[in-house]
Amino acid sequence: MSQKYEVIVIGAGAAGLMCAATAGYRGKTTLVIDHANKMAKKVLMSGGGRCNFTNLYVEPENYLSQNPHFCKSALSRYTQWDFISLVEKYQIDYYEKESGQLFCKNSSKEIRDLLLGECQQAGAKIQLKCSVDNVKRLEQGGFKLSTNMGSFICDALVIATGGLSIPTMGATGFGYQIAEQFGHKIIPTSAGLTPLTFDGKLKGAFAELSGNSVPMSVSTNGESFNSAVLFTHKGLSGPAILQISNYWKPGEPLQLNWMPGTNIEEWLSSGIEKKPESQLKTLLSTRFSQSVSSFICEQLQINCKLKQIQHKDKVKIVDFLSGWIIYPSGVEGYRVAEVTLGGVDTSEISSKTFESQRVERLFFIGEVLDVTGHLGGFNFQWAWASGNAAGEAV
Ligand SMILES: Cc1cc2nc3c(=O)[nH]c(=O)nc-3n(C[C@H](O)[C@H](O)[C@H](O)COP(=O)(O)OP(=O)(O)OC[C@H]3O[C@@H](n4cnc5c(N)ncnc54)[C@H](O)[C@@H]3O)c2cc1C
């Protein structure tokens with residue numbers, strides 16, 4: 001005998017749990033299935049253990065998708081303020097780290113407990129360690145799921161299985177398989193919000209600078225992000241690099257401004273005027289660590305007193321500091337990426353209800369869709385908003 005539910009959600013992550021709670025509050029009998037041994041693993045590991053659960057300044061421009069309009073409806077109907085009031089209802093202390101990014105003061109476990117609390121209050125059940133072998137559409141409508149825990153039947157099926165990043169946390173391509181099974185197109189997927197790797201001399205140089213972090217502006221393909229760049233053993237990381245990785249294409253350059261917001265020409269001239277006997281490295285050390293300053297001098301191959309700097313070298317220094325061009329060799333990939341770019345093509349999904357326009361009562365929400373947020377709480381806000389919209393519609 002199959003167990004029957006009005007709504008089954010596959011994926012007990014951010015989007016799935018929000019959807020289940022919303023459906024449960026509407027009186028729908030709801031079950032969330034996950035193959036993992038714990039719910040909301042990515043919530044737990046997010047934001048360095050403090051979950052950057054939303055952002056004060058959510059705009060459609062913070063999302064990448066082949067269809068940039070798709071995210072607008074859900075984001076406007078379930079806003080950051082809605083989630084903040086839920087956080088306040090659970091008396092979770094939070095703070096703004098920077099640029100509107102809201103983090104838990106204590107632990108991301110509090111957001112997991114909020115989601116669990118909402119599901120419990122709404123009467124939505126959660127079944128962990130449950131693997132779905134296949135999904136079939138029933139002739140009379142609805143779906144039948146065969147799992148390691150027997151079969152389940154539901155009227156509405158919600159796919160909330162997320163993207164491919166961090167497979168060790170339970171990420172699979174299951175959602176894409178189901179989408180393809182029912183005739184949906186997949187926008188090619190790739191790792192997003194990921195560190196960038198480098199080959200050759202730069203790899204060695206960056207490894208030596210490993211641990212240094214410099215506030216920079218990083219650009220590629222007409223996009224720019226102003227934030228910290230972290231030197232690592234494999235290349236570059238830090239918020240500015242994770243953000244730009246969503247826009248960088250293999251073979252293309254990155255442009256780095258080492259002193260965003262500073263008129264570098266004026267800064268250099270005034271340095272030369274004030275301390276002509278100082279070395280260039282000493283002037284650089286007023287802005288950067290000793291090791292970064294040495295690295296810049298090596299790259300410029302200029303190592304002299306400021307008063308000895310020729311006009312052509314001045315131009316070289318300003319060009320380097322304002323627009324150093326480098327070529328990454330690749331991205332670190334799904335092992336460490338925070339998100340997956342691409343996913344289920346939104347052109348055949350309703351932006352109001354998240355229902356498939358091909359198969360009645362089949363829904364896709366969260367990261368499995370071709371909607372990817374910038375770093376800063378935007379991905380969770382998408383999970384809450386899309387989960388809520390589908391939960392209202394199932
Ligand atoms: C290290 C890290 C830190 C992050 N930090 C932040 C942050 O601070 N702020 C932010 O906004 N975003 C952050 N993100 C991104 C954010 O976690 C995701 O965008 C968000 O979790 C997506 O929600 P989702 O519900 O769509 O998918 P997920 O949260 O990934 O949930 C999908 C669920 O589906 C389950 N599942 C997968 N396949 C199957 C299957 N075959 N059968 C059954 N169940 C299945 C998984 O076990 C998982 O529980 C971070 C991501 C990572 C990896």
# chains A, B, ... in the order shown; residues from 1 in each chain; ligands from 1
call {"tool": "residues_near_ligand", "arguments": {"ligand": "ligand 1", "cutoff": "7 Å", "atoms": "only C-alpha atoms and all ligand atoms", "output": "CSV table (one decimal) with all heavy atoms, in the first residue's frame"}}
result
chain,number,residue,atom,x,y,z
A,10,ILE,N,10.4,16.9,-2.6
A,10,ILE,CA,11.7,16.2,-2.5
A,10,ILE,C,12.8,17.2,-2.3
A,10,ILE,O,13.1,18.1,-3.1
A,10,ILE,CB,12.0,15.4,-3.8
A,10,ILE,CG1,10.8,14.5,-4.1
A,10,ILE,CG2,13.3,14.5,-3.6
A,10,ILE,CD1,11.0,13.6,-5.4
A,11,GLY,N,13.5,17.1,-1.1
A,11,GLY,CA,14.6,18.0,-0.8
A,11,GLY,C,14.3,18.7,0.5
A,11,GLY,O,13.4,19.7,0.5
A,12,ALA,N,14.9,18.4,1.6
A,12,ALA,CA,14.7,19.1,2.9
A,12,ALA,C,15.7,20.1,3.1
A,12,ALA,O,16.4,20.1,4.1
A,12,ALA,CB,14.6,18.1,4.1
A,13,GLY,N,15.9,21.0,2.1
A,13,GLY,CA,16.8,22.1,2.2
A,13,GLY,C,16.0,23.4,2.5
A,13,GLY,O,14.8,23.3,2.8
A,14,ALA,N,16.6,24.5,2.2
A,14,ALA,CA,16.0,25.8,2.5
A,14,ALA,C,14.6,26.0,1.8
A,14,ALA,O,13.6,26.3,2.4
A,14,ALA,CB,16.9,26.9,2.1
A,15,ALA,N,14.6,25.7,0.5
A,15,ALA,CA,13.4,26.0,-0.3
A,15,ALA,C,12.4,24.9,0.0
A,15,ALA,O,11.2,25.3,0.2
A,15,ALA,CB,13.8,25.9,-1.8
A,16,GLY,N,12.8,23.7,0.1
A,16,GLY,CA,11.8,22.6,0.3
A,16,GLY,C,11.1,22.7,1.7
A,16,GLY,O,9.9,22.6,1.8
A,33,ILE,N,10.7,14.7,1.7
A,33,ILE,CA,11.6,13.5,1.6
A,33,ILE,C,13.0,14.0,1.4
A,33,ILE,O,13.3,14.9,0.5
A,33,ILE,CB,11.2,12.6,0.4
A,33,ILE,CG1,9.9,11.9,0.8
A,33,ILE,CG2,12.3,11.7,0.0
A,33,ILE,CD1,9.4,11.0,-0.3
A,34,ASP,N,14.0,13.4,2.1
A,34,ASP,CA,15.4,13.8,1.7
A,34,ASP,C,16.2,12.5,1.9
A,34,ASP,O,16.0,11.7,2.8
A,34,ASP,CB,16.0,14.9,2.7
A,34,ASP,CG,17.1,15.6,2.0
A,34,ASP,OD1,18.2,14.9,1.8
A,34,ASP,OD2,17.0,16.8,1.8
A,35,HIS,N,17.2,12.3,1.0
A,35,HIS,CA,18.0,11.1,1.1
A,35,HIS,C,19.1,11.3,2.2
A,35,HIS,O,19.8,10.3,2.6
A,35,HIS,CB,18.6,10.7,-0.2
A,35,HIS,CG,19.6,11.7,-0.8
A,35,HIS,ND1,20.5,11.4,-1.8
A,35,HIS,CD2,19.8,13.0,-0.5
A,35,HIS,CE1,21.2,12.5,-2.1
A,35,HIS,NE2,20.8,13.5,-1.3
A,36,ALA,N,19.4,12.5,2.6
A,36,ALA,CA,20.5,12.8,3.6
A,36,ALA,C,20.0,12.3,5.0
A,36,ALA,O,18.8,12.1,5.3
A,36,ALA,CB,20.8,14.2,3.6
A,39,MET,N,18.5,17.2,7.9
A,39,MET,CA,17.9,18.2,7.1
A,39,MET,C,18.7,19.5,7.0
A,39,MET,O,19.6,19.7,7.9
A,39,MET,CB,16.5,18.6,7.7
A,39,MET,CG,16.5,19.1,9.1
A,39,MET,SD,14.9,19.4,9.7
A,39,MET,CE,14.8,21.1,9.3
A,40,ALA,N,18.5,20.3,6.0
A,40,ALA,CA,19.1,21.6,5.8
A,40,ALA,C,20.6,21.7,6.1
A,40,ALA,O,21.1,22.6,6.8
A,40,ALA,CB,18.4,22.6,6.8
A,41,LYS,N,21.4,20.7,5.5
A,41,LYS,CA,22.8,20.7,5.8
A,41,LYS,C,23.5,22.0,5.3
A,41,LYS,O,24.4,22.5,5.9
A,41,LYS,CB,23.4,19.5,5.1
A,41,LYS,CG,23.2,18.2,5.8
A,41,LYS,CD,24.1,17.1,5.2
A,41,LYS,CE,23.9,15.8,5.9
A,41,LYS,NZ,24.8,14.7,5.3
A,42,LYS,N,23.0,22.5,4.1
A,42,LYS,CA,23.7,23.7,3.6
A,42,LYS,C,23.4,24.9,4.5
A,42,LYS,O,24.2,25.8,4.6
A,42,LYS,CB,23.3,24.0,2.2
A,42,LYS,CG,24.1,23.1,1.3
A,42,LYS,CD,24.0,23.5,-0.2
A,42,LYS,CE,24.7,22.4,-1.0
A,42,LYS,NZ,24.4,22.5,-2.4
A,43,VAL,N,22.2,24.9,5.1
A,43,VAL,CA,21.9,26.0,6.0
A,43,VAL,C,22.9,26.0,7.2
A,43,VAL,O,23.5,27.0,7.6
A,43,VAL,CB,20.4,25.9,6.6
A,43,VAL,CG1,20.2,26.9,7.7
A,43,VAL,CG2,19.4,26.2,5.4
A,45,MET,N,25.9,24.8,7.3
A,45,MET,CA,27.3,25.1,7.0
A,45,MET,C,27.5,26.5,6.4
A,45,MET,O,28.6,27.0,6.2
A,45,MET,CB,27.9,24.1,6.0
A,45,MET,CG,27.5,24.2,4.6
A,45,MET,SD,28.0,22.9,3.5
A,45,MET,CE,29.8,23.0,3.7
A,46,SER,N,26.3,27.2,6.1
A,46,SER,CA,26.4,28.4,5.4
A,46,SER,C,26.9,29.6,6.3
A,46,SER,O,26.9,29.5,7.5
A,46,SER,CB,25.0,28.8,5.0
A,46,SER,OG,24.2,29.1,6.1
A,47,GLY,N,27.4,30.6,5.6
A,47,GLY,CA,27.9,31.8,6.3
A,47,GLY,C,28.9,31.5,7.4
A,47,GLY,O,28.9,32.1,8.4
A,51,CYS,N,25.1,31.4,9.0
A,51,CYS,CA,24.0,31.6,8.0
A,51,CYS,C,23.7,33.0,7.6
A,51,CYS,O,23.0,33.7,8.4
A,51,CYS,CB,22.7,30.9,8.4
A,51,CYS,SG,21.5,30.8,7.1
A,52,ASN,N,24.1,33.4,6.5
A,52,ASN,CA,23.8,34.8,5.9
A,52,ASN,C,22.4,34.6,5.3
A,52,ASN,O,22.3,34.3,4.1
A,52,ASN,CB,24.9,35.2,4.9
A,52,ASN,CG,24.6,36.5,4.2
A,52,ASN,OD1,25.2,36.8,3.2
A,52,ASN,ND2,23.6,37.3,4.7
A,53,PHE,N,21.3,34.7,6.1
A,53,PHE,CA,20.0,34.2,5.7
A,53,PHE,C,19.2,35.1,4.7
A,53,PHE,O,18.3,34.7,4.1
A,53,PHE,CB,19.2,33.9,6.9
A,53,PHE,CG,19.0,35.0,7.9
A,53,PHE,CD1,18.1,36.1,7.7
A,53,PHE,CD2,19.8,35.1,9.0
A,53,PHE,CE1,18.0,37.1,8.6
A,53,PHE,CE2,19.7,36.1,10.0
A,53,PHE,CZ,18.8,37.2,9.7
A,54,THR,N,19.6,36.4,4.7
A,54,THR,CA,19.0,37.3,3.6
A,54,THR,C,19.9,38.5,3.5
A,54,THR,O,20.9,38.6,4.1
A,54,THR,CB,17.5,37.6,3.9
A,54,THR,OG1,17.0,38.2,2.8
A,54,THR,CG2,17.4,38.6,5.1
A,130,CYS,N,15.6,8.8,3.0
A,130,CYS,CA,14.7,8.2,2.0
A,130,CYS,C,15.1,8.6,0.6
A,130,CYS,O,15.2,9.7,0.2
A,130,CYS,CB,13.3,8.8,2.3
A,130,CYS,SG,12.0,8.1,1.2
A,131,SER,N,15.5,7.5,-0.2
A,131,SER,CA,16.0,7.8,-1.5
A,131,SER,C,14.9,7.4,-2.5
A,131,SER,O,14.3,6.3,-2.4
A,131,SER,CB,17.2,6.9,-1.9
A,131,SER,OG,18.1,7.0,-0.9
A,132,VAL,N,14.7,8.3,-3.4
A,132,VAL,CA,13.6,8.1,-4.5
A,132,VAL,C,14.3,7.4,-5.6
A,132,VAL,O,15.2,7.9,-6.2
A,132,VAL,CB,13.0,9.5,-4.9
A,132,VAL,CG1,11.9,9.2,-5.9
A,132,VAL,CG2,12.5,10.2,-3.7
A,160,ALA,N,12.8,20.1,-5.0
A,160,ALA,CA,13.6,21.2,-4.3
A,160,ALA,C,14.9,20.6,-3.9
A,160,ALA,O,15.4,20.7,-2.8
A,160,ALA,CB,12.8,21.6,-3.0
A,161,THR,N,15.5,19.9,-4.9
A,161,THR,CA,16.8,19.1,-4.6
A,161,THR,C,18.0,19.9,-4.8
A,161,THR,O,19.1,19.4,-4.7
A,161,THR,CB,16.8,17.9,-5.5
A,161,THR,OG1,16.5,18.2,-6.8
A,161,THR,CG2,15.9,16.8,-5.0
A,162,GLY,N,17.9,21.2,-5.0
A,162,GLY,CA,19.1,22.1,-5.1
A,162,GLY,C,20.0,21.8,-6.3
A,162,GLY,O,19.6,21.2,-7.2
A,163,GLY,N,21.2,22.4,-6.2
A,163,GLY,CA,22.2,22.2,-7.3
A,163,GLY,C,23.3,21.2,-7.0
A,163,GLY,O,23.1,20.3,-6.2
A,165,SER,N,26.5,21.7,-6.1
A,165,SER,CA,27.7,22.1,-5.3
A,165,SER,C,27.8,21.3,-4.0
A,165,SER,O,26.7,21.0,-3.4
A,165,SER,CB,27.7,23.6,-5.1
A,165,SER,OG,26.5,24.0,-4.7
A,166,ILE,N,29.0,21.0,-3.6
A,166,ILE,CA,29.3,20.2,-2.4
A,166,ILE,C,28.5,18.9,-2.4
A,166,ILE,O,27.6,18.6,-1.6
A,166,ILE,CB,29.0,21.0,-1.1
A,166,ILE,CG1,29.3,22.5,-1.3
A,166,ILE,CG2,29.8,20.3,0.0
A,166,ILE,CD1,30.5,23.0,-0.6
A,169,MET,N,27.7,17.0,0.8
A,169,MET,CA,26.6,17.4,1.6
A,169,MET,C,25.3,16.9,1.1
A,169,MET,O,24.2,17.3,1.5
A,169,MET,CB,26.5,19.0,1.6
A,169,MET,CG,27.6,19.6,2.4
A,169,MET,SD,27.2,19.3,4.2
A,169,MET,CE,28.8,18.7,4.7
A,170,GLY,N,25.3,16.0,0.1
A,170,GLY,CA,24.1,15.4,-0.4
A,170,GLY,C,23.6,15.9,-1.7
A,170,GLY,O,22.5,15.6,-2.2
A,171,ALA,N,24.4,16.8,-2.3
A,171,ALA,CA,23.9,17.4,-3.6
A,171,ALA,C,24.0,16.3,-4.7
A,171,ALA,O,24.9,15.6,-4.8
A,171,ALA,CB,24.9,18.6,-4.0
A,172,THR,N,22.9,16.3,-5.5
A,172,THR,CA,22.8,15.4,-6.7
A,172,THR,C,22.2,16.1,-7.8
A,172,THR,O,21.6,17.2,-7.7
A,172,THR,CB,21.9,14.2,-6.3
A,172,THR,OG1,20.6,14.7,-6.2
A,172,THR,CG2,22.3,13.5,-5.1
A,173,GLY,N,22.3,15.5,-9.0
A,173,GLY,CA,21.6,16.0,-10.2
A,173,GLY,C,20.2,15.5,-10.3
A,173,GLY,O,19.6,15.6,-11.4
A,174,PHE,N,19.6,15.0,-9.3
A,174,PHE,CA,18.3,14.3,-9.3
A,174,PHE,C,17.2,15.3,-9.9
A,174,PHE,O,16.4,14.8,-10.7
A,174,PHE,CB,17.9,13.8,-7.9
A,174,PHE,CG,16.6,13.1,-7.9
A,174,PHE,CD1,16.6,11.8,-8.3
A,174,PHE,CD2,15.5,13.7,-7.4
A,174,PHE,CE1,15.4,11.1,-8.3
A,174,PHE,CE2,14.3,13.0,-7.4
A,174,PHE,CZ,14.2,11.7,-7.8
A,175,GLY,N,17.2,16.5,-9.4
A,175,GLY,CA,16.2,17.4,-9.9
A,175,GLY,C,16.3,17.6,-11.4
A,175,GLY,O,15.2,17.8,-12.1
A,336,VAL,N,33.9,22.9,-3.8
A,336,VAL,CA,33.8,24.1,-2.9
A,336,VAL,C,32.9,25.2,-3.3
A,336,VAL,O,32.7,26.1,-2.5
A,336,VAL,CB,35.2,24.7,-2.7
A,336,VAL,CG1,36.2,23.8,-2.0
A,336,VAL,CG2,35.8,25.1,-4.1
A,337,ALA,N,32.3,25.1,-4.5
A,337,ALA,CA,31.4,26.1,-5.0
A,337,ALA,C,30.2,26.3,-4.1
A,337,ALA,O,29.7,25.3,-3.6
A,337,ALA,CB,30.9,25.8,-6.4
A,338,GLU,N,29.8,27.6,-3.9
A,338,GLU,CA,28.6,27.8,-3.0
A,338,GLU,C,27.3,27.5,-3.8
A,338,GLU,O,26.3,27.2,-3.2
A,338,GLU,CB,28.6,29.2,-2.4
A,338,GLU,CG,29.6,29.3,-1.3
A,338,GLU,CD,29.3,30.5,-0.4
A,338,GLU,OE1,28.3,31.1,-0.5
A,338,GLU,OE2,30.2,30.8,0.4
A,339,VAL,N,27.3,27.7,-5.1
A,339,VAL,CA,26.1,27.5,-5.9
A,339,VAL,C,26.3,26.9,-7.2
A,339,VAL,O,27.5,26.7,-7.6
A,339,VAL,CB,25.4,28.8,-6.1
A,339,VAL,CG1,24.7,29.4,-4.8
A,339,VAL,CG2,26.3,29.9,-6.7
A,365,ILE,N,11.5,24.4,-7.4
A,365,ILE,CA,11.8,25.6,-6.6
A,365,ILE,C,13.3,25.6,-6.2
A,365,ILE,O,14.0,24.6,-6.2
A,365,ILE,CB,11.0,25.7,-5.3
A,365,ILE,CG1,11.1,24.5,-4.5
A,365,ILE,CG2,9.5,26.0,-5.7
A,365,ILE,CD1,10.4,24.6,-3.1
A,366,GLY,N,13.8,26.8,-5.8
A,366,GLY,CA,15.1,26.9,-5.2
A,366,GLY,C,16.2,26.9,-6.3
A,366,GLY,O,16.0,27.2,-7.4
A,367,GLU,N,17.3,26.3,-5.8
A,367,GLU,CA,18.5,26.4,-6.7
A,367,GLU,C,18.5,25.4,-7.9
A,367,GLU,O,19.3,25.6,-8.8
A,367,GLU,CB,19.7,26.0,-5.8
A,367,GLU,CG,21.1,26.5,-6.3
A,367,GLU,CD,22.2,26.1,-5.4
A,367,GLU,OE1,22.2,26.3,-4.2
A,367,GLU,OE2,23.2,25.6,-6.0
A,368,VAL,N,17.6,24.5,-7.9
A,368,VAL,CA,17.5,23.6,-9.0
A,368,VAL,C,17.1,24.3,-10.3
A,368,VAL,O,17.4,23.9,-11.4
A,368,VAL,CB,16.6,22.4,-8.7
A,368,VAL,CG1,15.1,22.9,-8.8
A,368,VAL,CG2,16.8,21.2,-9.7
A,375,LEU,N,26.6,36.6,-4.0
A,375,LEU,CA,27.0,36.3,-2.6
A,375,LEU,C,26.3,37.3,-1.7
A,375,LEU,O,26.3,38.5,-2.1
A,375,LEU,CB,28.5,36.4,-2.5
A,375,LEU,CG,29.2,36.0,-1.2
A,375,LEU,CD1,29.4,34.5,-1.2
A,375,LEU,CD2,30.5,36.6,-1.1
A,376,GLY,N,25.9,36.9,-0.5
A,376,GLY,CA,25.4,38.0,0.4
A,376,GLY,C,24.0,37.7,0.9
A,376,GLY,O,23.3,38.7,1.4
A,377,GLY,N,23.5,36.5,0.9
A,377,GLY,CA,22.2,36.1,1.4
A,377,GLY,C,21.1,36.1,0.3
A,377,GLY,O,20.0,35.7,0.6
A,378,PHE,N,21.5,36.3,-0.9
A,378,PHE,CA,20.5,36.4,-2.0
A,378,PHE,C,20.1,35.0,-2.4
A,378,PHE,O,18.9,34.8,-2.8
A,378,PHE,CB,21.1,37.1,-3.2
A,378,PHE,CG,21.6,38.5,-2.9
A,378,PHE,CD1,22.9,38.8,-2.7
A,378,PHE,CD2,20.6,39.5,-2.8
A,378,PHE,CE1,23.3,40.1,-2.4
A,378,PHE,CE2,21.0,40.8,-2.5
A,378,PHE,CZ,22.3,41.1,-2.3
A,379,ASN,N,20.9,34.0,-2.2
A,379,ASN,CA,20.5,32.6,-2.6
A,379,ASN,C,19.5,32.1,-1.6
A,379,ASN,O,18.5,31.4,-2.0
A,379,ASN,CB,21.7,31.7,-2.7
A,379,ASN,CG,22.4,32.0,-4.0
A,379,ASN,OD1,21.8,31.8,-5.1
A,379,ASN,ND2,23.6,32.5,-4.0
A,380,PHE,N,19.7,32.3,-0.3
A,380,PHE,CA,18.6,31.9,0.6
A,380,PHE,C,17.3,32.7,0.4
A,380,PHE,O,16.3,32.1,0.5
A,380,PHE,CB,19.1,32.0,2.1
A,380,PHE,CG,20.0,30.9,2.5
A,380,PHE,CD1,21.2,31.0,3.2
A,380,PHE,CD2,19.6,29.5,2.2
A,380,PHE,CE1,22.0,30.0,3.6
A,380,PHE,CE2,20.4,28.5,2.5
A,380,PHE,CZ,21.6,28.7,3.2
A,381,GLN,N,17.4,34.0,0.1
A,381,GLN,CA,16.2,34.7,-0.1
A,381,GLN,C,15.4,34.1,-1.3
A,381,GLN,O,14.2,34.1,-1.3
A,381,GLN,CB,16.5,36.2,-0.3
A,381,GLN,CG,15.2,37.1,-0.4
A,381,GLN,CD,14.3,36.9,0.9
A,381,GLN,OE1,14.8,36.8,2.0
A,381,GLN,NE2,13.0,36.9,0.7
A,383,ALA,N,15.5,30.9,-2.1
A,383,ALA,CA,14.9,29.7,-1.6
A,383,ALA,C,13.7,30.0,-0.8
A,383,ALA,O,12.6,29.3,-1.0
A,383,ALA,CB,16.0,29.0,-0.7
call {"tool": "residues_around", "arguments": {"residues": "Phe182 in chain A", "least_positions_apart": "4", "cutoff": "12 Å", "atoms": "only C-alpha atoms", "output": "JSON, numbers by chain"}}
result
{"A": [135, 136, 137, 143, 175, 176, 177, 178, 186, 344, 348, 356, 357, 358, 359, 360, 361, 362, 363, 364]}
call {"tool": "closest_residue", "arguments": {"among": "A:Leu196, A:Ile8, A:Val394, A:Ile244", "to": "Phe152 in chain A", "atoms": "only C-alpha atoms"}}
result
A:Ile8
call {"tool": "residues_around", "arguments": {"residues": "Trp267 in chain A", "least_positions_apart": "2", "cutoff": "12 Å", "atoms": "only C-alpha atoms", "output": "list in words"}}
result
Met259, Gly261, Thr262, Asn263, Ile264, Glu265, Ser269, Ser270, Gly271, Ile272, Glu273, Lys274, Leu283, Leu284, Thr286, Arg287, Lys314, Ile317, Val318, Leu321 and Ser322 of chain A
call {"tool": "select_by_dssp", "arguments": {"residues": "range 64-159 of chain A", "states": "strand (DSSP E or B)", "output": "count of residues only"}}
result
32
call {"tool": "residues_around", "arguments": {"residues": "Pro250 in chain A", "least_positions_apart": "2", "cutoff": "12 Å", "atoms": "only C-alpha atoms", "output": "MDAnalysis selection string"}}
result
chainID A and resid 190 196:198 220:221 245:248 252:254 327:331
call {"tool": "atom_distance", "arguments": {"atom1": "CA of Glu96 in chain A", "atom2": "CA of Ala122 in chain A"}}
result
29.6 Å
call {"tool": "select_by_dssp", "arguments": {"residues": "range 35-237 of chain A", "states": "alpha helix (DSSP H)", "output": "PyMOL selection string"}}
result
chain A and resi 41-45+72-77+80-89+109-122+174-181+200-208
call {"tool": "decode", "arguments": {"residues": "range 112-118 of chain A", "atoms": "all heavy atoms", "output": "short mmCIF file (atom, residue, chain, number, x, y, z; two decimals), in the first residue's frame"}}
result
data_model
loop_
_atom_site.label_atom_id
_atom_site.label_comp_id
_atom_site.auth_asym_id
_atom_site.auth_seq_id
_atom_site.Cartn_x
_atom_site.Cartn_y
_atom_site.Cartn_z
N ARG A 112 18.01 26.54 11.01
CA ARG A 112 17.54 25.17 10.81
C ARG A 112 16.36 24.89 11.76
O ARG A 112 15.33 24.35 11.37
CB ARG A 112 18.71 24.19 11.07
CG ARG A 112 18.46 22.75 10.68
CD ARG A 112 18.02 21.85 11.85
NE ARG A 112 18.56 22.17 13.13
CZ ARG A 112 19.60 21.56 13.70
NH1 ARG A 112 20.21 20.59 13.05
NH2 ARG A 112 20.00 21.89 14.91
N ASP A 113 16.53 25.31 13.04
CA ASP A 113 15.46 25.07 14.02
C ASP A 113 14.20 25.86 13.68
O ASP A 113 13.08 25.38 13.92
CB ASP A 113 15.94 25.43 15.43
CG ASP A 113 17.04 24.46 15.88
OD1 ASP A 113 17.19 23.40 15.25
OD2 ASP A 113 17.75 24.79 16.85
N LEU A 114 14.38 27.04 13.12
CA LEU A 114 13.21 27.84 12.67
C LEU A 114 12.44 27.05 11.60
O LEU A 114 11.22 26.93 11.66
CB LEU A 114 13.72 29.18 12.12
CG LEU A 114 12.77 30.14 11.41
CD1 LEU A 114 13.37 31.55 11.44
CD2 LEU A 114 12.45 29.78 9.99
N LEU A 115 13.18 26.49 10.64
CA LEU A 115 12.52 25.76 9.54
C LEU A 115 11.82 24.51 10.08
O LEU A 115 10.69 24.20 9.71
CB LEU A 115 13.54 25.39 8.46
CG LEU A 115 14.16 26.57 7.73
CD1 LEU A 115 15.38 26.13 6.92
CD2 LEU A 115 13.14 27.24 6.80
N LEU A 116 12.51 23.83 11.00
CA LEU A 116 11.91 22.64 11.61
C LEU A 116 10.67 23.03 12.40
O LEU A 116 9.61 22.40 12.29
CB LEU A 116 12.96 21.97 12.51
CG LEU A 116 12.52 20.70 13.23
CD1 LEU A 116 12.13 19.62 12.23
CD2 LEU A 116 13.65 20.17 14.12
N GLY A 117 10.79 24.12 13.18
CA GLY A 117 9.66 24.60 13.98
C GLY A 117 8.47 24.94 13.11
O GLY A 117 7.33 24.57 13.43
N GLU A 118 8.71 25.61 11.99
CA GLU A 118 7.62 25.97 11.09
C GLU A 118 6.96 24.72 10.51
O GLU A 118 5.75 24.65 10.42
CB GLU A 118 8.15 26.87 9.96
CG GLU A 118 8.43 28.29 10.39
CD GLU A 118 7.18 29.01 10.88
OE1 GLU A 118 6.38 29.45 10.04
OE2 GLU A 118 6.99 29.12 12.10
#
